[in-house]
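Visitor: Have a look at this one.
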Amino acid sequence: QVQLAESGGGSVQAGGSLTLSCVASGYTHGIYSMGWFREAPGKQREGVATSNNHGVTSYADSVQGRFTISLDDAKKTLTLQMNDLKPDDTAMYYCAAVVSGIITPEEFRLRNGRPGYWGQGTQVTVSS
């Protein structure tokens, strides 16, 4: 079992920045991936960015160049630095994790975090 605790999020104007953090506890041994996924009303769930504890990352095209994901393996903490935020980034952001040496970060992102453990989510609102 893996437990995930998210923090960060909030409201910001377009062009602003926010940082999301997610701390994992429980069984996170070996190779594992963590990532951020978002859900907005009327839109499909989107894998925003993922990383494994070997430094491999994957980003959605919509956030490439604006968002940066980092995973501190020692602290089991995943961070998403979001810059140049746009109203289309408004969504509930969820942290998810999977302990697997087979599922790559890209696969985890494209599978929308399934299978995996999920946090409760944190809201990000970007106003124009």
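How things are named: the first chain in the structure tokens is A, the next is B, and so on; residues count from 1 in each chain; ligands count from 1 in the order shown.
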Looking only at the backbone, which of the residues in chain A does DSSP tag as alpha helix (DSSP H), as a VMD selection string?
Guide: chain A and resid 105 to 110
Visitor: Can you write just those residues out, N, CA, C and O atoms, as a PDB file, in the first residue's frame?
Guide:
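Listed below is the output, again.pdb:
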```pdb
ATOM      1  N   PRO A 105       7.445   5.768 -16.872  1.00  0.00           N
ATOM      2  CA  PRO A 105       6.697   7.002 -16.594  1.00  0.00           C
ATOM      3  C   PRO A 105       5.773   7.413 -17.740  1.00  0.00           C
ATOM      4  O   PRO A 105       4.665   7.882 -17.499  1.00  0.00           O
ATOM      5  N   GLU A 106       6.215   7.229 -18.970  1.00  0.00           N
ATOM      6  CA  GLU A 106       5.348   7.593 -20.082  1.00  0.00           C
ATOM      7  C   GLU A 106       4.105   6.712 -20.114  1.00  0.00           C
ATOM      8  O   GLU A 106       2.988   7.186 -20.323  1.00  0.00           O
ATOM      9  N   GLU A 107       4.287   5.422 -19.919  1.00  0.00           N
ATOM     10  CA  GLU A 107       3.136   4.512 -19.893  1.00  0.00           C
ATOM     11  C   GLU A 107       2.198   4.882 -18.755  1.00  0.00           C
ATOM     12  O   GLU A 107       0.970   4.859 -18.920  1.00  0.00           O
ATOM     13  N   PHE A 108       2.751   5.181 -17.613  1.00  0.00           N
ATOM     14  CA  PHE A 108       1.933   5.548 -16.463  1.00  0.00           C
ATOM     15  C   PHE A 108       1.113   6.797 -16.772  1.00  0.00           C
ATOM     16  O   PHE A 108      -0.062   6.895 -16.436  1.00  0.00           O
ATOM     17  N   ARG A 109       1.739   7.749 -17.451  1.00  0.00           N
ATOM     18  CA  ARG A 109       1.019   8.972 -17.804  1.00  0.00           C
ATOM     19  C   ARG A 109      -0.057   8.689 -18.845  1.00  0.00           C
ATOM     20  O   ARG A 109      -1.193   9.157 -18.702  1.00  0.00           O
ATOM     21  N   LEU A 110       0.296   7.928 -19.878  1.00  0.00           N
ATOM     22  CA  LEU A 110      -0.672   7.669 -20.944  1.00  0.00           C
ATOM     23  C   LEU A 110      -1.818   6.769 -20.477  1.00  0.00           C
ATOM     24  O   LEU A 110      -2.901   6.789 -21.066  1.00  0.00           O
TER      25      LEU A 110
END
```
Visitor: Pick the closest to Gly42 of chain A from A:Thr68, A:Gln13, A:Thr90, A:Thr57: which is it, counting only C-alpha atoms?
Guide: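 Result for the nearest residue to Gly42 of chain A: A:Thr90.
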Visitor: Using only C-alpha atoms, what does the table of segment 40-69 of chain A residues within 12 Å of segment 92-101 of chain A look like, with each row giving the shortest atom pair and its distance in Å to one decimal, sorted by chain and ascending number, as a Markdown table?
Guide:
```
| residue | atom | partner | partner_atom | distance |
| --- | --- | --- | --- | --- |
| A:Ala40 | CA | A:Met92 | CA | 6.3 |
| A:Pro41 | CA | A:Met92 | CA | 9.1 |
| A:Lys43 | CA | A:Met92 | CA | 11.3 |
| A:Gln44 | CA | A:Met92 | CA | 11.8 |
| A:Arg45 | CA | A:Met92 | CA | 9.7 |
| A:Glu46 | CA | A:Tyr93 | CA | 9.6 |
| A:Gly47 | CA | A:Tyr94 | CA | 9.5 |
| A:Val48 | CA | A:Tyr93 | CA | 8.9 |
| A:Ala49 | CA | A:Cys95 | CA | 9.9 |
| A:Thr50 | CA | A:Ala96 | CA | 9.0 |
| A:Ser51 | CA | A:Ala97 | CA | 9.6 |
| A:Asn52 | CA | A:Val98 | CA | 9.3 |
| A:Asn53 | CA | A:Val99 | CA | 10.2 |
| A:His54 | CA | A:Gly101 | CA | 10.3 |
| A:Ile69 | CA | A:Cys95 | CA | 11.7 |
```
Visitor: Show me, as a ChimeraX atom specification, the residues that have an atom within 9 Å of Ser128 of chain A when counting only C-alpha atoms, minus same-chain residues fewer than 3 positions from it.
Guide: /A:13-15,86-87
Visitor: How about saving the chosen residues, C-alpha atoms kept, as a PDB file, in the first residue's frame?
Guide:
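Output (out-v9.pdb):
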```pdb
ATOM      1  CA  GLN A  13      -3.929  34.771 -12.488  1.00  0.00           C
ATOM      2  CA  ALA A  14      -2.861  33.731 -15.955  1.00  0.00           C
ATOM      3  CA  GLY A  15       0.893  33.884 -16.338  1.00  0.00           C
ATOM      4  CA  LYS A  86      -3.192  29.383 -18.391  1.00  0.00           C
ATOM      5  CA  PRO A  87      -6.932  29.243 -17.750  1.00  0.00           C
TER       6      PRO A  87
END
```
Visitor: When you draw a straight line from atom CA of Ser33 of chain A to atom CA of Thr104 of chain A, how long is it in Å?
Guide: 7.4 Å
Visitor: Would you return as a ChimeraX atom specification the members of chain A that DSSP assigns to strand (DSSP E) on this structure's backbone?
Guide: /A:2-8,10-13,18-26,32-39,46-52,57-59,67-72,77-82,91-99,117-118,122-127
Visitor: Nearest residue to Leu20 of chain A out of A:Ser127, A:Ser58, A:Thr77, A:Gln1, using only C-alpha atoms?
Guide: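 Looking only at the distances to Leu20 of chain A, the closest residue turns out to be A:Thr77.
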Visitor: Mind checking which residues fall within 8 Å of Gln3 of chain A, counting only C-alpha atoms, ignoring those fewer than 3 positions away in the same chain, and posting them as a ChimeraX atom specification?
Guide: /A:24-26,117-119
Visitor: Using only C-alpha atoms, which of A:Ser7, A:Ile102, A:Ser62, A:Gly121 sits nearest Asp88 of chain A?
Guide: A:Ser62
Visitor: Which residue out of A:Val23, A:Met34, A:Ala74, A:Val12 has the minimum interatomic distance to Gly113 of chain A when only C-alpha atoms are used?
Guide: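 Between A:Val23, A:Met34, A:Ala74, A:Val12, the residue approaching Gly113 of chain A most closely is A:Met34.
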Visitor: At what distance in Å, to one decimal, does atom CA of Ala60 of chain A lie from atom CA of Ala91 of chain A?
Guide: 14.8 Å
Visitor: Within 8 Å of Ser17 of chain A, counting only C-alpha atoms, which residues show up once you throw out same-chain ones fewer than 6 positions away? Write them as a CSV table (one decimal) with N, CA, C and O atoms, in the first residue's frame, please.
Guide:
```
chain,number,residue,atom,x,y,z
A,81,GLN,N,6.4,22.1,-10.5
A,81,GLN,CA,6.5,23.5,-10.6
A,81,GLN,C,5.8,23.9,-11.9
A,81,GLN,O,6.1,23.5,-13.0
A,82,MET,N,4.8,24.7,-11.7
A,82,MET,CA,3.9,25.2,-12.8
A,82,MET,C,4.1,26.6,-13.1
A,82,MET,O,3.8,27.5,-12.2
A,83,ASN,N,4.7,27.0,-14.2
A,83,ASN,CA,4.9,28.3,-14.6
A,83,ASN,C,4.0,28.7,-15.8
A,83,ASN,O,3.5,27.9,-16.5
A,84,ASP,N,3.9,30.0,-16.0
A,84,ASP,CA,3.1,30.5,-17.1
A,84,ASP,C,1.7,29.8,-17.2
A,84,ASP,O,1.3,29.3,-18.3
A,85,LEU,N,1.0,29.8,-16.1
A,85,LEU,CA,-0.2,29.1,-16.1
A,85,LEU,C,-1.3,29.8,-16.9
A,85,LEU,O,-1.3,31.0,-17.1
```
Visitor: Between A:Val56, A:Ile31, A:Val124, A:Cys22, which residue has the minimum interatomic distance to Leu4 of chain A, considering only C-alpha atoms?
Guide: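 Of A:Val56, A:Ile31, A:Val124, A:Cys22, the one nearest Leu4 of chain A, counting only C-alpha atoms, is A:Cys22.
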